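Coordinates as given in structure_34.cif (mmCIF, C-alpha atoms):
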data_my_file
loop_
_atom_site.label_atom_id
_atom_site.label_comp_id
_atom_site.auth_asym_id
_atom_site.auth_seq_id
_atom_site.Cartn_x
_atom_site.Cartn_y
_atom_site.Cartn_z
CA MET U 1 111.20 88.27 102.92
CA LYS U 2 107.46 88.66 102.50
CA LEU U 3 106.13 90.31 99.32
CA PRO U 4 104.72 92.83 98.84
CA ALA U 5 106.92 94.21 101.62
CA ALA U 6 105.20 96.14 104.40
CA THR U 7 108.06 96.44 106.92
CA LEU U 8 111.31 98.39 106.80
CA THR U 9 113.45 95.28 106.66
CA ASP U 10 111.41 93.56 103.97
CA ALA U 11 111.20 96.76 101.92
CA PHE U 12 114.96 97.19 102.07
CA ASN U 13 115.60 93.65 100.86
CA ALA U 14 112.88 93.73 98.22
CA CYS U 15 114.63 96.63 96.48
CA ASP U 16 118.18 95.35 96.17
CA PRO U 17 119.62 97.33 93.21
CA ALA U 18 122.44 94.83 92.67
CA GLN U 19 120.24 91.74 92.34
CA PRO U 20 118.97 90.84 88.85
CA LEU U 21 115.75 88.88 88.91
CA GLU U 22 115.63 85.24 87.88
CA ALA U 23 113.05 84.12 85.32
CA GLY U 24 109.67 83.65 86.96
CA ASP U 25 110.37 86.01 89.88
CA GLN U 26 107.10 87.55 91.02
CA ARG U 27 108.76 90.98 91.15
CA TYR U 28 109.26 91.03 87.37
CA VAL U 29 107.34 93.63 85.35
CA ASP U 30 107.48 93.96 81.56
CA LEU U 31 108.65 97.54 80.94
CA SER U 32 108.73 97.31 77.14
CA ALA U 33 105.74 99.63 76.68
CA GLY U 34 107.70 102.40 78.37
CA ARG U 35 110.94 101.72 76.54
CA GLY U 36 109.52 102.57 73.12
CA ASN U 37 110.62 101.24 69.73
CA ASP U 38 113.40 98.98 71.00
CA GLY U 39 111.62 97.90 74.15
CA HIS U 40 111.19 94.38 72.79
CA ALA U 41 114.93 93.83 72.29
CA VAL U 42 114.90 90.41 73.98
CA VAL U 43 111.98 89.27 71.82
CA GLN U 44 113.97 90.28 68.74
CA CYS U 45 117.00 88.34 70.01
CA ARG U 46 114.90 85.23 70.53
CA GLN U 47 113.22 85.50 67.13
CA ARG U 48 116.54 85.70 65.32
CA ILE U 49 117.86 82.63 67.12
CA LEU U 50 114.71 80.67 66.29
CA ARG U 51 114.66 81.75 62.65
CA SER U 52 118.32 81.72 61.64
CA GLU U 53 119.79 78.72 59.82
CA ARG U 54 123.30 79.67 60.94
CA PRO U 55 124.72 80.75 64.31
CA LEU U 56 124.40 84.46 65.05
CA VAL U 57 126.37 86.67 67.41
CA GLN U 58 123.97 89.33 68.68
CA LEU U 59 125.06 92.35 70.72
CA PHE U 60 122.76 93.44 73.54
CA ALA U 61 123.40 97.00 74.69
CA GLY U 62 121.93 99.23 77.35
CA HIS U 63 122.91 101.33 80.31
CA ARG U 64 124.27 99.44 83.30
CA GLY U 65 121.35 98.72 85.63
CA CYS U 66 118.65 99.17 83.00
CA GLY U 67 117.47 95.56 83.38
CA LYS U 68 119.57 93.66 80.80
CA SER U 69 120.48 90.79 83.12
CA THR U 70 116.88 90.30 84.20
CA GLU U 71 115.70 90.27 80.57
CA LEU U 72 118.48 87.89 79.55
CA ARG U 73 117.49 85.47 82.33
CA CYS U 74 114.01 85.50 80.83
CA LEU U 75 115.52 84.83 77.40
CA GLN U 76 117.48 81.89 78.81
CA SER U 77 114.34 80.36 80.33
CA ASP U 78 112.32 80.94 77.17
CA LEU U 79 114.91 79.33 74.90
CA GLN U 80 115.31 76.38 77.27
CA SER U 81 111.55 75.80 77.15
CA LYS U 82 111.86 75.65 73.36
CA GLY U 83 114.52 72.95 73.50
CA TYR U 84 117.79 74.91 73.40
CA PHE U 85 120.81 74.31 75.59
CA VAL U 86 121.64 77.73 77.03
CA ALA U 87 124.90 78.42 78.85
CA TYR U 88 124.71 81.65 80.85
CA VAL U 89 128.20 83.06 81.38
CA GLU U 90 128.77 85.73 84.03
CA ALA U 91 132.03 87.07 82.62
CA ASN U 92 132.76 89.23 85.67
CA ASP U 93 133.32 86.03 87.66
CA ASP U 94 136.54 85.52 85.70
CA ILE U 95 137.78 88.85 84.39
CA ASP U 96 139.11 92.02 85.98
CA LEU U 97 136.62 94.64 84.80
CA GLU U 98 139.17 97.42 85.33
CA ASP U 99 141.80 95.70 83.21
CA THR U 100 140.46 93.44 80.47
CA GLU U 101 142.16 91.99 77.41
CA PRO U 102 140.58 89.99 74.55
CA THR U 103 142.17 86.74 75.72
CA ASP U 104 140.57 87.20 79.17
CA ILE U 105 137.11 87.26 77.59
CA LEU U 106 137.80 84.21 75.45
CA LEU U 107 139.02 82.21 78.44
CA SER U 108 135.91 83.23 80.39
CA LEU U 109 133.64 81.99 77.59
CA ILE U 110 135.45 78.65 77.38
CA ARG U 111 135.32 78.18 81.14
CA GLY U 112 131.65 79.18 81.38
CA LEU U 113 130.63 76.79 78.62
CA ASP U 114 132.68 73.96 80.09
CA SER U 115 131.05 74.49 83.49
CA ALA U 116 127.53 74.51 82.00
CA LEU U 117 128.23 71.32 80.06
CA ARG U 118 129.56 69.50 83.12
CA ASP U 119 126.57 70.64 85.22
CA ALA U 120 124.23 69.18 82.58
CA LYS U 121 126.30 65.98 82.26
CA VAL U 122 126.99 66.69 78.58
CA GLU U 123 130.43 65.25 77.76
CA VAL U 124 132.68 66.71 75.08
CA ARG U 125 134.98 64.14 73.48
CA LYS U 126 137.67 63.19 75.96
CA LYS U 127 140.43 63.21 73.36
CA HIS U 128 139.59 66.77 72.37
CA LEU U 129 139.69 67.97 75.98
CA GLU U 130 142.98 66.20 76.57
CA ASP U 131 144.52 67.86 73.50
CA PHE U 132 143.22 71.27 74.57
CA THR U 133 144.51 70.70 78.11
CA ASP U 134 147.97 69.67 76.89
CA TRP U 135 148.11 72.72 74.63
CA PHE U 136 147.18 75.06 77.49
CA ALA U 137 149.77 73.47 79.75
CA GLU U 138 152.49 73.66 77.10
CA VAL U 139 151.83 77.31 76.21
CA VAL U 140 151.11 78.79 79.64
CA LEU U 141 152.44 76.61 82.43
CA GLU U 142 155.84 75.71 83.69
CA THR U 143 156.30 71.96 83.95
CA THR U 144 156.35 72.07 87.76
CA THR U 145 153.09 74.02 87.88
CA LYS U 146 151.35 71.53 85.61
CA THR U 147 152.56 68.67 87.80
CA GLU U 148 151.22 70.43 90.91
CA ILE U 149 147.78 70.94 89.34
CA GLU U 150 147.65 67.33 88.15
CA ALA U 151 148.43 66.20 91.70
CA GLU U 152 145.58 68.39 93.02
CA VAL U 153 143.18 66.86 90.50
CA ARG U 154 144.18 63.31 91.41
CA SER U 155 143.78 64.10 95.11
CA GLU U 156 140.30 65.59 94.60
CA ALA U 157 139.25 62.68 92.40
CA GLU U 158 140.09 60.25 95.19
CA VAL U 159 137.88 62.21 97.60
CA SER U 160 134.76 63.17 95.67
CA GLY U 161 135.06 62.54 91.96
CA GLY U 162 136.96 65.80 91.64
CA VAL U 163 137.15 68.37 88.86
CA PRO U 164 138.69 67.46 85.48
CA LEU U 165 142.16 68.82 84.72
CA PHE U 166 140.79 70.97 81.88
CA ALA U 167 138.39 72.74 84.25
CA LYS U 168 141.09 73.02 86.90
CA LEU U 169 143.46 74.71 84.47
CA LEU U 170 140.81 77.19 83.34
CA ALA U 171 139.96 78.01 86.94
CA ARG U 172 143.65 78.57 87.72
CA PHE U 173 144.11 80.84 84.70
CA SER U 174 140.97 82.80 85.53
CA GLY U 175 142.13 83.28 89.11
CA TRP U 176 145.46 84.60 87.94
CA ILE U 177 143.83 86.99 85.47
CA LYS U 178 141.31 88.33 87.98
CA THR U 179 143.59 88.81 90.97
CA GLY U 180 147.27 88.48 90.18
CA LYS U 181 149.22 91.30 88.55
CA GLU U 182 152.35 89.38 87.57
CA SER U 183 150.60 86.07 86.84
CA LYS U 184 148.02 87.94 84.75
CA LYS U 185 150.79 89.48 82.69
CA LEU U 186 152.45 86.08 82.20
CA VAL U 187 149.28 84.31 81.08
CA ARG U 188 148.44 87.10 78.63
CA GLN U 189 151.91 87.26 77.15
CA ARG U 190 152.06 83.55 76.50
CA LEU U 191 148.52 83.28 75.12
CA ASP U 192 148.82 86.43 72.99
CA ARG U 193 151.72 84.85 71.12
CA GLN U 194 149.44 81.90 70.30
CA LEU U 195 146.18 83.81 69.84
CA SER U 196 145.25 82.29 66.49
CA GLN U 197 145.85 78.82 67.94
CA LEU U 198 143.75 79.66 71.01
CA LEU U 199 140.88 80.86 68.84
CA SER U 200 141.13 77.80 66.61
CA ARG U 201 141.07 75.39 69.55
CA ALA U 202 138.24 77.31 71.21
CA ASP U 203 136.28 77.05 67.96
CA LEU U 204 136.83 73.27 67.89
CA PHE U 205 135.74 73.01 71.52
CA VAL U 206 132.52 74.95 70.83
CA LYS U 207 131.75 72.94 67.69
CA ASP U 208 132.22 69.69 69.60
CA ALA U 209 130.04 71.01 72.42
CA ARG U 210 127.36 72.00 69.92
CA LEU U 211 127.45 68.49 68.43
CA GLU U 212 127.14 66.80 71.84
CA VAL U 213 124.35 69.16 72.89
CA ARG U 214 122.35 68.15 69.83
CA LYS U 215 123.05 64.48 70.46
CA SER U 216 121.61 64.89 73.96
CA GLY U 217 118.28 66.01 72.48
CA ASN U 218 118.63 69.80 72.37
CA LYS U 219 117.93 71.84 69.25
CA ASP U 220 121.14 73.87 69.47
CA LEU U 221 123.63 75.62 71.73
CA VAL U 222 123.24 79.25 72.82
CA LEU U 223 125.81 81.22 74.83
CA ILE U 224 124.54 84.25 76.76
CA VAL U 225 127.50 86.34 77.90
CA ASP U 226 126.64 88.90 80.57
CA SER U 227 128.60 91.66 82.36
CA LEU U 228 130.87 92.69 79.47
CA ASP U 229 129.01 96.01 79.51
CA ARG U 230 130.68 96.70 82.87
CA ILE U 231 134.22 96.65 81.49
CA ALA U 232 135.88 99.97 82.31
CA LEU U 233 135.89 102.59 79.56
CA LYS U 234 139.36 104.07 79.12
CA ASP U 235 140.57 106.70 76.67
CA LEU U 236 143.81 105.21 75.32
CA LYS U 237 144.96 108.68 74.15
CA ASP U 238 145.65 107.47 70.63
CA GLY U 239 142.20 108.03 69.14
CA ARG U 240 140.89 104.74 70.54
CA THR U 241 139.06 103.59 73.64
CA SER U 242 139.42 100.31 75.52
CA HIS U 243 135.94 99.30 74.33
CA GLU U 244 136.85 99.87 70.68
CA VAL U 245 139.90 97.64 71.04
CA LEU U 246 137.95 94.83 72.71
CA PHE U 247 134.80 94.78 70.60
CA ILE U 248 135.83 96.24 67.24
CA GLU U 249 139.53 95.63 66.66
CA ARG U 250 139.33 92.18 68.28
CA GLY U 251 135.70 91.45 67.51
CA ASP U 252 136.83 88.36 65.62
CA LEU U 253 137.35 86.58 68.96
CA LEU U 254 133.62 86.71 69.66
CA ASN U 255 132.52 86.27 66.08
CA GLY U 256 134.54 83.16 65.40
CA LEU U 257 133.19 80.61 67.87
CA GLY U 258 130.51 79.03 65.67
CA CYS U 259 127.46 79.06 67.96
CA HIS U 260 124.58 81.36 68.80
CA MET U 261 125.72 84.07 71.20
CA VAL U 262 124.04 87.02 72.88
CA VAL U 263 126.69 89.35 74.29
CA THR U 264 126.16 92.39 76.49
CA VAL U 265 128.16 95.46 75.45
CA PRO U 266 128.29 99.03 76.80
CA ILE U 267 125.77 101.38 75.19
CA SER U 268 128.56 103.94 74.89
CA LEU U 269 130.21 101.68 72.30
CA LEU U 270 127.34 102.36 69.88
CA PHE U 271 128.23 106.07 70.05
CA SER U 272 131.82 105.47 69.02
CA PRO U 273 133.13 107.15 65.84
CA LYS U 274 133.87 103.57 64.80
CA ALA U 275 130.32 102.33 65.36
CA SER U 276 129.97 101.67 61.61
CA ASN U 277 132.90 99.25 61.91
CA LEU U 278 131.13 97.57 64.81
CA GLY U 279 128.05 97.16 62.62
CA ALA U 280 130.12 95.51 59.91
CA ILE U 281 131.40 92.92 62.41
CA PHE U 282 128.16 92.49 64.37
CA PRO U 283 125.16 93.40 62.20
CA ASP U 284 122.74 91.99 64.79
CA ARG U 285 122.53 94.60 67.56
CA HIS U 286 119.80 95.45 70.05
CA ILE U 287 119.38 98.24 72.60
CA LEU U 288 117.39 98.19 75.82
CA PRO U 289 116.60 101.88 76.40
CA MET U 290 115.41 103.69 79.52
CA VAL U 291 111.74 103.94 80.45
CA LYS U 292 110.50 107.31 79.26
CA ILE U 293 109.12 109.34 82.18
CA ALA U 294 109.04 112.82 80.61
CA GLU U 295 108.28 114.27 77.20
CA ARG U 296 111.32 114.90 75.05
CA GLY U 297 112.87 118.30 75.65
CA LYS U 298 110.40 119.08 78.43
CA GLN U 299 109.96 118.39 82.10
CA THR U 300 106.33 117.43 81.46
CA ALA U 301 105.65 114.07 83.11
CA TRP U 302 104.79 111.11 80.88
CA LYS U 303 102.21 109.35 83.04
CA ALA U 304 102.33 105.96 81.27
CA GLY U 305 106.05 105.55 81.95
CA ARG U 306 105.80 106.69 85.56
CA ASP U 307 102.90 104.33 86.18
CA LEU U 308 105.02 101.46 84.87
CA LEU U 309 107.75 102.25 87.38
CA LYS U 310 105.17 102.41 90.15
CA GLU U 311 103.93 99.01 89.04
CA LEU U 312 107.53 97.78 89.21
CA LEU U 313 107.63 98.85 92.86
CA GLN U 314 104.10 97.56 93.52
CA HIS U 315 105.33 94.02 92.82
CA ARG U 316 107.87 94.50 95.62
CA LEU U 317 106.28 96.88 98.12
CA ALA U 318 102.91 97.57 99.70
CA LEU U 319 102.92 101.11 98.33
CA ASP U 320 100.17 102.46 100.58
CA LYS U 321 102.10 101.34 103.66
CA VAL U 322 105.64 102.18 102.49
CA PHE U 323 105.09 105.70 101.09
CA THR U 324 103.08 108.74 102.07
CA GLY U 325 102.27 112.02 100.39
CA LYS U 326 104.29 112.69 97.25
CA ALA U 327 107.26 110.58 98.34
CA LEU U 328 106.81 107.93 95.64
CA ASP U 329 106.37 110.53 92.89
CA GLU U 330 109.59 112.26 93.97
CA LEU U 331 111.60 109.05 93.69
CA VAL U 332 110.13 108.01 90.34
CA ALA U 333 110.80 111.45 88.83
CA ALA U 334 114.41 111.45 90.05
CA SER U 335 115.16 107.95 88.69
CA GLY U 336 115.26 109.00 85.04
CA GLY U 337 113.37 105.83 84.15
CA HIS U 338 116.39 103.78 85.23
CA PRO U 339 115.27 100.72 87.25
CA ARG U 340 118.45 100.33 89.32
CA TYR U 341 118.47 104.01 90.29
CA LEU U 342 114.84 103.69 91.32
CA MET U 343 115.77 100.82 93.66
CA THR U 344 118.75 102.83 94.94
CA LEU U 345 116.54 105.83 95.67
CA VAL U 346 114.03 103.69 97.59
CA ARG U 347 116.83 102.32 99.74
CA TYR U 348 118.23 105.80 100.30
CA ALA U 349 114.78 107.00 101.40
CA LEU U 350 114.44 104.07 103.80
CA ASP U 351 117.70 105.18 105.42
CA TYR U 352 116.03 108.43 106.51
CA VAL U 353 113.10 106.91 108.40
CA ASP U 354 112.95 104.82 111.57
CA GLU U 355 109.51 103.51 110.73
CA LEU U 356 107.20 103.40 107.73
CA PRO U 357 105.85 105.17 105.81
CA VAL U 358 108.58 107.02 103.89
CA THR U 359 107.79 110.72 104.08
CA THR U 360 108.15 113.34 101.36
CA SER U 361 111.00 114.82 103.39
CA ALA U 362 112.84 111.47 103.40
CA ALA U 363 112.32 111.14 99.64
CA GLU U 364 113.74 114.62 99.07
CA LYS U 365 116.81 113.73 101.15
CA ALA U 366 117.23 110.54 99.09
CA VAL U 367 117.11 112.51 95.85
CA GLN U 368 119.66 115.02 97.17
CA ARG U 369 121.92 112.12 98.14
CA LEU U 370 121.84 110.85 94.55
CA VAL U 371 122.48 114.40 93.30
CA ASN U 372 125.55 114.52 95.54
CA ASP U 373 126.72 111.13 94.22
CA PHE U 374 126.74 112.52 90.69
CA ASP U 375 128.21 115.87 91.76
CA ARG U 376 131.24 114.11 93.24
CA SER U 377 131.86 111.80 90.29
CA ILE U 378 131.38 113.98 87.19
CA PRO U 379 134.61 115.50 85.79
CA HIS U 380 134.74 119.29 85.79
CA GLU U 381 135.07 119.47 82.00
CA HIS U 382 131.82 117.52 81.51
CA TRP U 383 129.48 120.14 83.01
CA PRO U 384 129.28 122.50 79.99
CA LEU U 385 128.97 119.45 77.72
CA LEU U 386 126.09 118.15 79.83
CA VAL U 387 124.32 121.50 79.48
CA ARG U 388 124.60 121.19 75.70
CA VAL U 389 123.30 117.60 75.77
CA HIS U 390 120.28 118.76 77.75
CA GLU U 391 119.63 121.60 75.31
CA GLN U 392 120.12 119.57 72.13
CA GLN U 393 118.87 116.16 73.37
CA THR U 394 121.72 114.38 71.60
CA VAL U 395 125.35 113.41 72.14
CA GLN U 396 128.46 113.64 70.01
CA ASN U 397 130.52 110.64 68.93
CA ASP U 398 133.61 111.30 71.01
CA ALA U 399 135.33 109.83 74.06
CA GLN U 400 133.90 112.37 76.53
CA HIS U 401 130.29 111.79 75.52
CA GLN U 402 130.85 108.03 75.51
CA LEU U 403 132.06 108.37 79.10
CA MET U 404 128.92 110.32 80.05
CA LEU U 405 126.77 107.49 78.70
CA PHE U 406 128.91 104.87 80.40
CA ASN U 407 128.81 106.71 83.74
CA LEU U 408 125.03 107.25 83.45
CA SER U 409 125.09 111.04 83.67
CA VAL U 410 123.42 110.88 80.24
CA LEU U 411 120.65 108.40 79.42
CA GLU U 412 119.27 107.25 76.06
CA TYR U 413 115.56 106.93 75.27
CA GLN U 414 113.94 105.52 72.14
CA ASN U 415 110.31 106.54 72.01
CA ASP U 416 109.40 106.98 68.33
CA GLU U 417 112.92 108.35 67.74
CA ARG U 418 116.24 108.11 69.52
CA TRP U 419 117.15 110.90 71.93
CA CYS U 420 119.32 111.51 74.96
CA ASP U 421 119.01 113.64 78.04
CA VAL U 422 120.91 114.37 81.22
CA HIS U 423 119.93 112.29 84.26
CA PRO U 424 117.32 114.22 86.31
CA ALA U 425 119.54 114.09 89.40
CA VAL U 426 122.38 115.71 87.44
CA LEU U 427 120.05 118.55 86.44
CA GLN U 428 119.73 119.41 90.13
CA ALA U 429 123.48 119.54 90.78
CA ARG U 430 124.88 122.95 91.67
CA ALA U 431 127.66 122.57 89.10
CA PHE U 432 125.10 121.94 86.34
CA LYS U 433 123.11 125.01 87.31
CA GLU U 434 126.28 127.10 87.34
CA ALA U 435 127.30 125.81 83.91
CA SER U 436 123.81 126.64 82.61
CA LYS U 437 124.08 130.33 83.47
CA PRO U 438 124.77 132.62 80.48
CA LEU U 439 128.24 134.11 80.45
CA SER U 440 128.26 137.70 81.70
CA VAL U 441 129.47 140.31 79.26
CA SER U 442 131.82 142.87 80.78
#

Before anything else, please render the file you have as structure tokens.
Amino acid sequence: MKLPAATLTDAFNACDPAQPLEAGDQRYVDLSAGRGNDGHAVVQCRQRILRSERPLVQLFAGHRGCGKSTELRCLQSDLQSKGYFVAYVEANDDIDLEDTEPTDILLSLIRGLDSALRDAKVEVRKKHLEDFTDWFAEVVLETTTKTEIEAEVRSEAEVSGGVPLFAKLLARFSGWIKTGKESKKLVRQRLDRQLSQLLSRADLFVKDARLEVRKSGNKDLVLIVDSLDRIALKDLKDGRTSHEVLFIERGDLLNGLGCHMVVTVPISLLFSPKASNLGAIFPDRHILPMVKIAERGKQTAWKAGRDLLKELLQHRLALDKVFTGKALDELVAASGGHPRYLMTLVRYALDYVDELPVTTSAAEKAVQRLVNDFDRSIPHEHWPLLVRVHEQQTVQNDAQHQLMLFNLSVLEYQNDERWCDVHPAVLQARAFKEASKPLSVS
């Protein structure tokens, strides 16, 4: 792929909405000036790690697709250049995002850290790993299963050095949790009965890892835990949501591991009625807001924000060859300042042309396609609530408004002050327009 892209194929691949950028990628653009007060969230995370004399657990919130993973990759690179050992854990590799329990997250963290340590040839004390392995096997596995896994490990070791039994067990557990209904239930039941022991042993493992990391010449250990913001939001019908259970009621699982951690969480969690409880558990919280593209409460364009998004695309595309007329302006305005939706809209527009440039007509079709995406997915009862959000520029602290934030029909901005608005594509939906009409008086 040649950048900036000037062909249909290169343009399509340059705007992959599902691909976070690695640190140093030439397509990266600093959007902090358009994000407002909290636009420097990653800088604040880094500063607290550098300044704190004790390990901190910092929450990093933002809408899915707003650029958190890209910013966290930059944080990882920055901290590594300053002498820190940074383990980047993609939690969605191990957990079922539609069905997640606290123990699943803890196992993912342990496995991710173990993998990063082995990749860097940092060895945790063998005796500690053996004790942890024996405990796992005793609590979770049947004797025959343990014997089978040990045989696999011995066989692999004979071939290519193999994978240690501890890592093999974690991989097996993670596989069961991610894909197997009955095995998932079994692992959870057995670990839940020993949760305090699991947390205690995980804490010992992390402390030992932190010690060995320092011995190897690093300043300290940092865990960056990504993808937890994608965990499905479910109303449990008892006054709680799935996110509140995971991050508030069981927040001790993340807060008790004794090392620096930066953990992604859903932005909707910060709008929970129990957000004050979250703050008591995790006082260090940061938000990565949307890029402001319109003045609050108005449809008046904010040129500085829109120019930033055009710059974002300019690092990927030869704009004068890819777009014509007002096509680019149409896509930027419909994105809501959301980077992933901007990439999605570009790809949609490319679908409607056989050759470059993208016409205004193709851009309008792309926008309508996104409008239709929202129209199909928004629950009927949300439409009058969305009208009120648009009118008042704020959301209520209840399960329905949390779901709107989670599903991106409502976006948060923080330019001088915090405010919310309905996604521009939602404003164009027929159902929104119908809900906006004043009730007729008979």

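With all atoms listed in the file as the atoms that count, the minimum distance from Gly258 of chain U to the choices U:Val371, U:Val42, U:Leu223, U:Leu236 is reached by U:Leu223.
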
Proximity to Glu364 of chain U - best of U:Asp252, U:Lys326, U:Glu381, U:His390, all atoms listed in the file = U:Lys326

Set up a box along x, y and z of the file covering all listed atoms of segment 4-7 of chain U, add 6 Å on every one of the six sides, and write the centre and edge lengths in Å to one decimal, as JSON.
{"center_x": 106.4, "center_y": 94.6, "center_z": 102.9, "size_x": 15.3, "size_y": 15.6, "size_z": 20.1}

Name the residues that the PyMOL selection byres ((chain U and resi 282-286) around 8) pulls out of this structure, and write them as a ChimeraX atom specification.
-> /U:38,41,44-45,56-61,255,278-281,287-288

Do you have the atom CA of Gly337 of chain U-atom CA of Lys234 of chain U distance handy?
-> 26.5 Å

Report as a ChimeraX atom specification the full result of the PyMOL selection byres ((chain U and resi 82) around 12) when it is applied to this structure.
-> /U:46-47,49-50,75-81,83-86,217-222

Residues returned when the PyMOL selection byres ((chain U and resi 224) around 9) runs on this file, as a tab-separated table (two decimals) with C-alpha atoms, in the frame of the given file:
chain	number	residue	atom	x	y	z
U	72	LEU	CA	118.48	87.89	79.55
U	76	GLN	CA	117.48	81.89	78.81
U	86	VAL	CA	121.64	77.73	77.03
U	87	ALA	CA	124.90	78.42	78.85
U	88	TYR	CA	124.71	81.65	80.85
U	89	VAL	CA	128.20	83.06	81.38
U	90	GLU	CA	128.77	85.73	84.03
U	222	VAL	CA	123.24	79.25	72.82
U	223	LEU	CA	125.81	81.22	74.83
U	225	VAL	CA	127.50	86.34	77.90
U	226	ASP	CA	126.64	88.90	80.57
U	260	HIS	CA	124.58	81.36	68.80
U	261	MET	CA	125.72	84.07	71.20
U	262	VAL	CA	124.04	87.02	72.88
U	263	VAL	CA	126.69	89.35	74.29
U	264	THR	CA	126.16	92.39	76.49

Which protein, DNA or RNA residues have an atom at most 10 Å from (117.3, 110.8, 91.4), counting all atoms listed in the file? List them as a PyMOL selection string.
-> chain U and resi 330-338+341-342+344-346+363-364+366-374+423-428

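Taking atom CA of Ser377 of chain U and atom CA of Asn407 of chain U as endpoints, the distance between them is 8.8 Å.
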
To one decimal place, how far is atom CA of Asp421 of chain U from atom CA of Gly36 of chain U in Å?
-> 15.4 Å

With all atoms listed in the file as the atoms that count, which of U:Leu356, U:Leu308, U:Leu403, U:Val291 lies nearest to Leu233 of chain U?
->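 Ranking U:Leu356, U:Leu308, U:Leu403, U:Val291 by distance to Leu233 of chain U, first place goes to U:Leu403.
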
Just the residues within 12 Å of Asp99 of chain U, please, counting only C-alpha atoms, with nothing from its chain fewer than 5 positions along; format it as a ChimeraX atom specification.
-> /U:92,94,104-105,177-181,184-185,188,228,230-234,242-243,246

Counting all atoms listed in the file, closest pick from U:Glu98, U:Asn13, U:Trp176, U:Gln400 relative to Leu386 of chain U is U:Gln400

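Taking all atoms listed in the file into account, Gly325 of chain U lies nearest to U:Pro357 out of the set U:Pro266, U:Pro164, U:Gly24, U:Pro357.
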
List every residue of segment 191-241 of chain U that has an atom at most 7 Å from any atom of segment 113-133 of chain U, giving for each one its closest atom pair and the distance in Å to one decimal, counting all atoms listed in the file, sorted by chain and then by ascending residue number, as JSON lines.
{"residue": "U:Arg201", "atom": "CA", "partner": "U:Phe132", "partner_atom": "CA", "distance": 6.8}
{"residue": "U:Asp208", "atom": "CA", "partner": "U:Val124", "partner_atom": "CA", "distance": 6.3}
{"residue": "U:Ala209", "atom": "CA", "partner": "U:Val124", "partner_atom": "CA", "distance": 5.7}
{"residue": "U:Glu212", "atom": "CA", "partner": "U:Val124", "partner_atom": "CA", "distance": 6.4}
{"residue": "U:Val213", "atom": "CA", "partner": "U:Val122", "partner_atom": "CA", "distance": 6.7}

Would you mind listing what lies within 12 Å of Leu385 of chain U as number ranges by chain, with only C-alpha atoms counted and same-chain residues fewer than 3 positions away left out?
-> U: 378-382, 388-396, 398, 400-404, 409-410, 421-422, 431-432, 435-436

Write out as a ChimeraX atom specification the residues lying within 10 Å of Lys274 of chain U, counting only C-alpha atoms and excluding same-chain residues fewer than 2 positions away.
-> /U:240,244,248-249,269-272,276-279,397-398

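Among the candidates U:Arg340, U:His315, U:Lys365, U:Arg376, the residue lying nearest to Asp25 of chain U is U:His315 (atoms considered: all atoms listed in the file).
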